[in-house]
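Taking it in order: structure first as structure tokens, then the write-up.
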Amino acid sequence: MSNATYPNSPSQQHDAPRAFPAIDAAVARAADAQAHYGTAPHATRSALLRGLAAALAADAAALVALANDETSLGTTRLTGELVRTAFQLRGFAERVEAGAAAHTIDDAAVPGAPPAGRPRLTRVLAPLGPVAMFSASNFPFAFSVLGGDTASALAAGCTVVVKPHSGHPQLSHRVHALAERVLREQGLPEGVIAFVGQATRDAATYLVGHADISAVAFTGSYQGGVALWRAANARPRPIPFYGELGSINPLVVLPAALADGVDAPATALAASIALGCGQFCTSPGLIVIRDDAEGERFAAALAQALKAQKPHAMLTAAMRQGFEHASARIGAQPGIRTRLAPSSTDGEAPAPRLYETDAASLIANPVLREEMFGPAALLVNVRDADDTLAVLAAVEGSLTVTLWGADTDTPEHRALAAAAQRIAGRVLFGGLPTGVAVCDAQQHGGPWPASTQPQTTSVGYTAIERFLRPVALQDAPQWAIAANTGGIVS
Ligand code: NAP
């Protein structure tokens with residue numbers, strides 16, 4: 001609902017100056033559309049999600065070319081990302097059709113006095129309302145205008161106000177134009193996916209504070225995320241802020257993982273560290289190895305394999321600057337040895353870097369646990385399992401922890417797995433953390449600062465739950481229950 005239509009709407013209580021008319025207009029469109037979209041049959045939601053997927057796929061070649069011009073991520077990677085984004089939209093459509101947003105819990109009335117006696121209660125799920133969605137820089141399709149946050153909000157029956165990322169403005173505009181066309185074709189209000197265009201940081205903060213916004217989805221830096229999280233909590237009516245922030249993704253190499261030699265695992269790890277020029281939130285940034293001859297051979301092989309990587313240019317000049325600053329800061333800390341230095345081959349693209357330290361230094365110095373967003377990692381030498389546990393205990397929340405060589409059931413491996421689960425949203429037993437499957441069991445989050453809401457995920461189909469609010473209906477007539485299930489019969 002917009003203020004124009006409803007004079008007593010919460011917008012009237014907004015005490016911030018009305019200095020951002022473009023934001024006000026976009027939020028008004030989304031709020032107006034919410035009343036229609038949030039109560040429409042769920043088939044409307046799934047048809048929209050499928051229509052958006054088809055439109056993306058139909059325009060793939062032109063969109064990928066534009067994305068490549070703006071991000072340098074390469075057409076192969078970007079084509080895969082577009083396919084994943086369409087797959088994700090269709091996946092949310094399937095979940096909506098299967099009743100993901102229509103789930104009810106029904107407790108029949110029980111005659112008699114409380115606590116055993118009770119009225120009939122039916123728990124239903126209601127859309128939260130318009131969601132402000134901050135696109136990420138590093139996934140111009142999958143975490144941008146029609147990415148996972150938008151798809152899960154639409155699946156939940158929420159309209160969306162998109163704040164595009166300044167790193168790919170033309171692509172964002174074009175994808176939004178495509179979404180507008182699909183909305184028109186399906187007879188839906190344009191405010192179902194509203195767009196604020198390029199906005200200053202003050203304007204972005206104003207959007208988070210707008211009284212008609214009910215939740216925020218964000219992927220980006222710790223600094224930006226915390227600034228906007230504070231704004232969401234400083235409102236007269238604080239709202240949920242689903243932020244996915246920084247992560248250093250520890251990877252623990254146990255001796256068993258090197259039983260067949262060091263070269264293959266080192267090569268695979270180097271490729272993961274340098275993938276997308278290290279601009280992945282799941283990039284392995286902290287490699288824990290044993291301080292012995294085999295660990296040394298692995299470290300040497302990793303440095304060699306990293307040196308052979310040829311990263312592309314970073315997403316933006318500011319990001320490159322941030323990487324140079326972060327890696328130089330790590331390299332200058334006491335107790336740090338540089339295994340692979342920034343070199344004269346650094347040009348438009350940064351050459352990979354590899355630093356090394358010991359467990360005591362890492363634990364004592366929080367700077368060594370900061371994210372280097374780019375093609376770099378820090379090796380940590382540990383003497384034994386206790387050292388490894390101490391290192392993991394010092395790491396703050398992380399999207400992932402990877403354990404290599406913990407396949408057998410031993411007390412040591414159980415302790416490691418428990419330590420990994422304490423700090424990470426996803427624990428891998430082998431493999432590499434880059435690459436996040438979109439499915440029902442996925443968990444892409446983790447304790448602060450990986451995520452501001454560790455009980456939720458920003459990838460995978462349970463992401464829809466972030467935008468649904470449970471309501472218990474007491475002794476409700478059937479029509480009132482049916483009004484919340486969108487025509488889905490379970
Ligand atoms: P970012 O700077 O946090 O920006 C994300 C979004 O928030 C953008 O729309 C940005 O606006 C806005 N924003 C940032 N700071 C703000 C503030 N103080 N007030 C209001 N709005 C603000 O993230 P980024 O541009 O994607 O990357 C910068 C750094 O973030 C990277 O170098 C990296 O360290 C980290 N990063 C981490 C992840 C991850 O998943 N962990 C992903 C991407 C980036 P503008 O468009 O105007 O900048």
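Going through the structure tokens in order, the chains are called A, B, and so on, while each chain numbers its residues from 1 and the ligands are numbered from 1 in the order shown.
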Next on the checklist: Show me which residues are within 8 Å of ligand 1 counting only C-alpha atoms and all ligand atoms, and format the list as a PyMOL selection string.
Outcome noted: chain A and resi 134-138+163-167+198-205+218-228+244-247+279-282+318-320+322-323+371-374+450
Using the selection just defined, write its residues with C-alpha atoms as a PDB file, in the first residue's frame.
ATOM      1  CA  PHE A 134      20.920  -5.319  -2.397  1.00  0.00           C
ATOM      2  CA  SER A 135      22.615  -6.954  -5.381  1.00  0.00           C
ATOM      3  CA  ALA A 136      26.127  -8.315  -4.941  1.00  0.00           C
ATOM      4  CA  SER A 137      29.034  -7.278  -7.134  1.00  0.00           C
ATOM      5  CA  ASN A 138      30.572 -10.698  -7.682  1.00  0.00           C
ATOM      6  CA  LYS A 163      19.081  -1.743  -5.248  1.00  0.00           C
ATOM      7  CA  PRO A 164      21.418  -2.622  -8.149  1.00  0.00           C
ATOM      8  CA  HIS A 165      25.162  -2.860  -7.592  1.00  0.00           C
ATOM      9  CA  SER A 166      27.262  -0.017  -8.984  1.00  0.00           C
ATOM     10  CA  GLY A 167      29.659  -2.587 -10.510  1.00  0.00           C
ATOM     11  CA  GLN A 198      21.888   3.855  -9.168  1.00  0.00           C
ATOM     12  CA  ALA A 199      21.579   5.273  -5.679  1.00  0.00           C
ATOM     13  CA  THR A 200      24.008   6.990  -3.342  1.00  0.00           C
ATOM     14  CA  ARG A 201      24.875   5.307  -0.045  1.00  0.00           C
ATOM     15  CA  ASP A 202      22.675   7.795   1.796  1.00  0.00           C
ATOM     16  CA  ALA A 203      19.819   6.862  -0.498  1.00  0.00           C
ATOM     17  CA  ALA A 204      20.530   3.151   0.062  1.00  0.00           C
ATOM     18  CA  THR A 205      20.440   3.687   3.828  1.00  0.00           C
ATOM     19  CA  PHE A 218      22.148  -8.113   1.326  1.00  0.00           C
ATOM     20  CA  THR A 219      25.352  -9.733   0.015  1.00  0.00           C
ATOM     21  CA  GLY A 220      28.608  -7.815   0.185  1.00  0.00           C
ATOM     22  CA  SER A 221      31.281  -6.492   2.476  1.00  0.00           C
ATOM     23  CA  TYR A 222      31.392  -6.601   6.259  1.00  0.00           C
ATOM     24  CA  GLN A 223      31.595  -2.798   6.424  1.00  0.00           C
ATOM     25  CA  GLY A 224      28.679  -2.144   4.060  1.00  0.00           C
ATOM     26  CA  GLY A 225      26.603  -4.930   5.577  1.00  0.00           C
ATOM     27  CA  VAL A 226      27.107  -3.769   9.135  1.00  0.00           C
ATOM     28  CA  ALA A 227      26.277  -0.140   8.205  1.00  0.00           C
ATOM     29  CA  LEU A 228      22.970  -1.232   6.663  1.00  0.00           C
ATOM     30  CA  GLU A 244      25.758 -12.409   3.941  1.00  0.00           C
ATOM     31  CA  LEU A 245      29.073 -10.739   4.739  1.00  0.00           C
ATOM     32  CA  GLY A 246      32.725 -11.804   4.840  1.00  0.00           C
ATOM     33  CA  SER A 247      34.187 -15.289   5.227  1.00  0.00           C
ATOM     34  CA  GLN A 279      36.121 -13.038  -5.768  1.00  0.00           C
ATOM     35  CA  PHE A 280      33.990 -15.813  -4.300  1.00  0.00           C
ATOM     36  CA  CYS A 281      32.498 -15.559  -0.822  1.00  0.00           C
ATOM     37  CA  THR A 282      33.415 -19.250  -0.443  1.00  0.00           C
ATOM     38  CA  ALA A 318      37.963  -0.297  -5.801  1.00  0.00           C
ATOM     39  CA  MET A 319      37.939  -4.044  -5.267  1.00  0.00           C
ATOM     40  CA  ARG A 320      41.467  -4.317  -6.657  1.00  0.00           C
ATOM     41  CA  GLY A 322      40.865  -3.371  -1.434  1.00  0.00           C
ATOM     42  CA  PHE A 323      42.687  -6.590  -2.326  1.00  0.00           C
ATOM     43  CA  GLU A 371      39.271 -11.736   4.534  1.00  0.00           C
ATOM     44  CA  MET A 372      41.562 -11.040   1.539  1.00  0.00           C
ATOM     45  CA  PHE A 373      38.934 -10.754  -1.219  1.00  0.00           C
ATOM     46  CA  GLY A 374      41.024 -11.823  -4.210  1.00  0.00           C
ATOM     47  CA  ALA A 450      29.415 -14.827   7.722  1.00  0.00           C
TER      48      ALA A 450
END
Next on the checklist: Let's see if you can do this: from backbone DSSP, list all alpha helix (DSSP H) residues in segment 3-194 of chain A, as a count of residues only.
Outcome noted: 94
Item to check | Contacts of Gln321 of chain A at 12 Å (only C-alpha atoms; same-chain gap of 3+ positions) as a PyMOL selection string | outcome: chain A and resi 313-318+324-328+348-350+372-374
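Closest approach to Ala25 of chain A among A:Gly435, A:Gly285, A:Pro41, A:Gly191 is made by A:Gly191 (distances from only C-alpha atoms).
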Item to check | DSSP strand (DSSP E or B) residues within segment 171-321 of chain A, listed as a VMD selection string | outcome: chain A and resid 193 to 195 215 to 219 241 to 244 250 to 253 286 to 290
Checklist entry - By how many Å are atom CA of Arg353 of chain A and atom CA of Asp386 of chain A apart? => result 27.8 Å
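Comparing the minimum interatomic distances between Ala151 of chain A and each of A:Val382, A:Ile464, A:Val471, A:Leu403, counting only C-alpha atoms, we find that A:Ile464 sits nearest.
For the residues A:Phe241, A:Phe92, A:Trp404, A:Phe87, ranking by smallest atom-to-atom distance to Ala156 of chain A using only C-alpha atoms places A:Phe92 first.
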Checklist entry - Which is closer to Gly243 of chain A than all the others in A:Arg123, A:Arg383, A:Arg95, A:His444, using only C-alpha atoms? => result A:His444
Next on the checklist: Could you list, as a PyMOL selection string, every residue within 10 Å of Arg237 of chain A, counting only C-alpha atoms and ignoring same-chain residues fewer than 4 positions away?
Outcome noted: chain A and resi 10+209-211+214+232-233
Given the selection you just returned, output its residues as a file containing all heavy atoms, formatted as an mmCIF file, in the first residue's frame.
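Output contents, as saved in selection_28.cif:
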data_model
loop_
_atom_site.group_PDB
_atom_site.id
_atom_site.type_symbol
_atom_site.label_atom_id
_atom_site.label_comp_id
_atom_site.auth_asym_id
_atom_site.auth_seq_id
_atom_site.Cartn_x
_atom_site.Cartn_y
_atom_site.Cartn_z
ATOM 1 N N PRO A 10 1.971 3.212 7.759
ATOM 2 C CA PRO A 10 3.165 3.492 8.543
ATOM 3 C C PRO A 10 4.045 4.542 7.893
ATOM 4 O O PRO A 10 4.836 5.194 8.547
ATOM 5 C CB PRO A 10 3.875 2.127 8.591
ATOM 6 C CG PRO A 10 2.822 1.121 8.274
ATOM 7 C CD PRO A 10 1.815 1.817 7.423
ATOM 8 N N GLY A 209 15.688 2.225 5.785
ATOM 9 C CA GLY A 209 14.904 2.851 6.856
ATOM 10 C C GLY A 209 13.465 3.143 6.481
ATOM 11 O O GLY A 209 12.665 3.545 7.345
ATOM 12 N N HIS A 210 13.106 2.932 5.216
ATOM 13 C CA HIS A 210 11.763 3.308 4.772
ATOM 14 C C HIS A 210 10.703 2.485 5.501
ATOM 15 O O HIS A 210 10.796 1.252 5.593
ATOM 16 C CB HIS A 210 11.635 3.094 3.258
ATOM 17 C CG HIS A 210 10.508 3.868 2.663
ATOM 18 N ND1 HIS A 210 9.189 3.573 2.925
ATOM 19 C CD2 HIS A 210 10.501 4.944 1.853
ATOM 20 C CE1 HIS A 210 8.416 4.431 2.283
ATOM 21 N NE2 HIS A 210 9.188 5.279 1.631
ATOM 22 N N ALA A 211 9.667 3.161 5.976
ATOM 23 C CA ALA A 211 8.669 2.486 6.817
ATOM 24 C C ALA A 211 7.908 1.392 6.086
ATOM 25 O O ALA A 211 7.373 0.480 6.713
ATOM 26 C CB ALA A 211 7.686 3.517 7.370
ATOM 27 N N SER A 214 9.843 -4.136 4.683
ATOM 28 C CA SER A 214 9.627 -5.080 5.791
ATOM 29 C C SER A 214 10.800 -6.011 6.064
ATOM 30 O O SER A 214 10.828 -6.690 7.091
ATOM 31 C CB SER A 214 8.402 -5.944 5.490
ATOM 32 O OG SER A 214 7.266 -5.120 5.432
ATOM 33 N N ALA A 232 18.888 -0.906 9.726
ATOM 34 C CA ALA A 232 17.656 -1.707 9.851
ATOM 35 C C ALA A 232 17.227 -1.822 11.314
ATOM 36 O O ALA A 232 16.038 -1.867 11.631
ATOM 37 C CB ALA A 232 17.870 -3.101 9.253
ATOM 38 N N ASN A 233 18.217 -1.866 12.199
ATOM 39 C CA ASN A 233 17.899 -2.021 13.627
ATOM 40 C C ASN A 233 17.639 -0.694 14.335
ATOM 41 O O ASN A 233 17.094 -0.687 15.442
ATOM 42 C CB ASN A 233 19.024 -2.795 14.320
ATOM 43 C CG ASN A 233 18.964 -4.267 13.959
ATOM 44 O OD1 ASN A 233 18.059 -4.981 14.358
ATOM 45 N ND2 ASN A 233 19.902 -4.709 13.135
#
Next on the checklist: Quick one: residues within 10 Å of segment 410-420 of chain A, only C-alpha atoms, excluding same-chain residues fewer than 3 positions away - as a ChimeraX atom specification?
Outcome noted: /A:250-252,254,385-386,388-393,395,397-398,400-403,405-407,423-429
Those selected residues, please, written with C-alpha atoms and delivered as a PDB file, in the first residue's frame.
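Saved the output as selection17.pdb:
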ATOM      1  CA  PRO A 250      39.224 -22.548   6.529  1.00  0.00           C
ATOM      2  CA  LEU A 251      40.384 -25.738   4.789  1.00  0.00           C
ATOM      3  CA  VAL A 252      42.111 -28.317   7.008  1.00  0.00           C
ATOM      4  CA  LEU A 254      44.995 -33.806   7.459  1.00  0.00           C
ATOM      5  CA  ALA A 385      45.081 -31.993  16.308  1.00  0.00           C
ATOM      6  CA  ASP A 386      44.906 -29.772  19.391  1.00  0.00           C
ATOM      7  CA  THR A 388      44.057 -27.383  14.682  1.00  0.00           C
ATOM      8  CA  LEU A 389      41.154 -27.199  17.124  1.00  0.00           C
ATOM      9  CA  ALA A 390      42.628 -24.045  18.659  1.00  0.00           C
ATOM     10  CA  VAL A 391      42.943 -22.429  15.214  1.00  0.00           C
ATOM     11  CA  LEU A 392      39.333 -23.240  14.331  1.00  0.00           C
ATOM     12  CA  ALA A 393      38.167 -21.928  17.706  1.00  0.00           C
ATOM     13  CA  VAL A 395      38.162 -18.199  13.587  1.00  0.00           C
ATOM     14  CA  GLY A 397      31.795 -17.430  11.765  1.00  0.00           C
ATOM     15  CA  SER A 398      32.468 -18.687   8.255  1.00  0.00           C
ATOM     16  CA  THR A 400      32.301 -23.036   5.055  1.00  0.00           C
ATOM     17  CA  VAL A 401      34.917 -25.221   6.707  1.00  0.00           C
ATOM     18  CA  THR A 402      36.500 -27.975   4.604  1.00  0.00           C
ATOM     19  CA  LEU A 403      38.097 -31.067   6.155  1.00  0.00           C
ATOM     20  CA  GLY A 405      41.305 -36.619   5.193  1.00  0.00           C
ATOM     21  CA  ALA A 406      38.712 -37.024   7.973  1.00  0.00           C
ATOM     22  CA  ASP A 407      36.821 -39.926   6.415  1.00  0.00           C
ATOM     23  CA  ILE A 423      31.820 -21.914  13.172  1.00  0.00           C
ATOM     24  CA  ALA A 424      30.437 -22.783   9.720  1.00  0.00           C
ATOM     25  CA  GLY A 425      27.156 -23.035   7.870  1.00  0.00           C
ATOM     26  CA  ARG A 426      28.475 -25.746   5.539  1.00  0.00           C
ATOM     27  CA  VAL A 427      31.095 -28.386   6.440  1.00  0.00           C
ATOM     28  CA  LEU A 428      32.710 -30.251   3.548  1.00  0.00           C
ATOM     29  CA  PHE A 429      34.342 -33.647   3.971  1.00  0.00           C
TER      30      PHE A 429
END
Item to check | All residues 9 Å or closer to Glu81 of chain A, only C-alpha atoms, same chain fewer than 2 positions away omitted, as an NGL selection string | outcome: :A and (76-79 or 83-86 or 139-142)
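Ranking A:Thr122, A:Thr104, A:Thr71, A:Gln478 by their shortest atom-to-atom distance to Pro169 of chain A, with only C-alpha atoms included, puts A:Thr71 first.
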Item to check | For Ile193 of chain A: contacts at 10 Å, only C-alpha atoms, fewer than 2 positions along chain excluded, given as a PyMOL selection string | outcome: chain A and resi 26+29-30+33+130-131+145-146+150+154+158-162+176+179-180+183+188-191+195
Those selected residues, please, written with N, CA, C and O atoms and delivered as a compact mmCIF listing (two decimals), in the first residue's frame.
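See out10.txt below for the written result:
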# COMPACT_ATOMS: atom_id res chain seq x y z
N ALA A 26 9.74 4.15 -5.79
CA ALA A 26 9.93 2.70 -5.99
C ALA A 26 9.28 1.92 -4.85
O ALA A 26 8.60 0.90 -5.07
N ARG A 29 5.53 1.88 -5.21
CA ARG A 29 5.07 0.92 -6.22
C ARG A 29 5.06 -0.50 -5.64
O ARG A 29 4.11 -1.26 -5.82
N ALA A 30 6.13 -0.83 -4.91
CA ALA A 30 6.23 -2.18 -4.32
C ALA A 30 5.15 -2.38 -3.26
O ALA A 30 4.54 -3.45 -3.16
N ALA A 33 1.80 -2.86 -4.90
CA ALA A 33 1.71 -4.18 -5.55
C ALA A 33 1.61 -5.30 -4.51
O ALA A 33 1.06 -6.37 -4.80
N PRO A 130 7.11 -5.91 1.37
CA PRO A 130 8.17 -5.50 0.43
C PRO A 130 9.58 -5.70 1.01
O PRO A 130 9.85 -5.32 2.14
N VAL A 131 10.44 -6.30 0.18
CA VAL A 131 11.82 -6.61 0.59
C VAL A 131 12.78 -5.71 -0.18
O VAL A 131 12.70 -5.65 -1.42
N VAL A 145 19.82 -8.75 -9.75
CA VAL A 145 18.41 -8.33 -9.91
C VAL A 145 17.42 -9.50 -9.80
O VAL A 145 16.41 -9.41 -9.09
N LEU A 146 17.71 -10.60 -10.51
CA LEU A 146 16.80 -11.76 -10.46
C LEU A 146 17.48 -12.96 -9.80
O LEU A 146 17.18 -14.12 -10.11
N THR A 150 15.94 -12.28 -4.70
CA THR A 150 14.70 -11.87 -5.37
C THR A 150 13.79 -13.08 -5.57
O THR A 150 12.58 -13.03 -5.28
N LEU A 154 10.06 -13.43 -4.00
CA LEU A 154 8.88 -13.57 -4.86
C LEU A 154 8.14 -14.88 -4.56
O LEU A 154 6.91 -14.92 -4.54
N CYS A 158 6.37 -11.91 -1.57
CA CYS A 158 6.82 -10.55 -1.25
C CYS A 158 7.21 -9.81 -2.52
O CYS A 158 7.90 -10.38 -3.39
N THR A 159 6.82 -8.56 -2.61
CA THR A 159 7.34 -7.73 -3.69
C THR A 159 8.77 -7.31 -3.31
O THR A 159 9.17 -7.43 -2.14
N VAL A 160 9.52 -6.85 -4.31
CA VAL A 160 10.95 -6.59 -4.10
C VAL A 160 11.30 -5.20 -4.62
O VAL A 160 10.80 -4.78 -5.66
N VAL A 161 12.15 -4.51 -3.87
CA VAL A 161 12.73 -3.25 -4.35
C VAL A 161 14.21 -3.50 -4.56
O VAL A 161 14.95 -3.74 -3.59
N VAL A 162 14.65 -3.50 -5.82
CA VAL A 162 16.04 -3.85 -6.14
C VAL A 162 16.94 -2.62 -6.04
O VAL A 162 16.67 -1.60 -6.68
N HIS A 176 16.36 -5.74 -15.36
CA HIS A 176 15.11 -5.23 -14.79
C HIS A 176 14.09 -4.93 -15.89
O HIS A 176 12.89 -5.21 -15.73
N ALA A 179 12.46 -8.03 -16.71
CA ALA A 179 11.49 -8.41 -15.67
C ALA A 179 10.20 -7.61 -15.82
O ALA A 179 9.09 -8.15 -15.67
N GLU A 180 10.34 -6.32 -16.15
CA GLU A 180 9.14 -5.47 -16.35
C GLU A 180 8.27 -6.02 -17.49
O GLU A 180 7.06 -6.03 -17.40
N LEU A 183 6.38 -9.02 -16.25
CA LEU A 183 5.28 -8.59 -15.37
C LEU A 183 4.10 -8.11 -16.21
O LEU A 183 2.94 -8.46 -15.94
N LEU A 188 0.71 -8.41 -14.18
CA LEU A 188 1.05 -8.09 -12.78
C LEU A 188 1.54 -6.65 -12.68
O LEU A 188 2.13 -6.12 -13.62
N PRO A 189 1.34 -6.00 -11.52
CA PRO A 189 1.81 -4.62 -11.37
C PRO A 189 3.33 -4.54 -11.45
O PRO A 189 4.02 -5.44 -10.97
N GLU A 190 3.82 -3.47 -12.05
CA GLU A 190 5.28 -3.33 -12.19
C GLU A 190 5.99 -3.26 -10.84
O GLU A 190 7.17 -3.60 -10.71
N GLY A 191 5.26 -2.86 -9.80
CA GLY A 191 5.86 -2.76 -8.47
C GLY A 191 6.18 -4.10 -7.83
O GLY A 191 6.81 -4.15 -6.77
N PHE A 195 12.56 -0.99 -8.85
CA PHE A 195 13.99 -0.80 -9.12
C PHE A 195 14.33 0.65 -8.77
O PHE A 195 13.63 1.56 -9.21
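Comparing the minimum interatomic distances between Gly147 of chain A and each of A:Ser272, A:Ser458, A:Thr408, A:Gln443, counting only C-alpha atoms, we find that A:Ser458 sits nearest.
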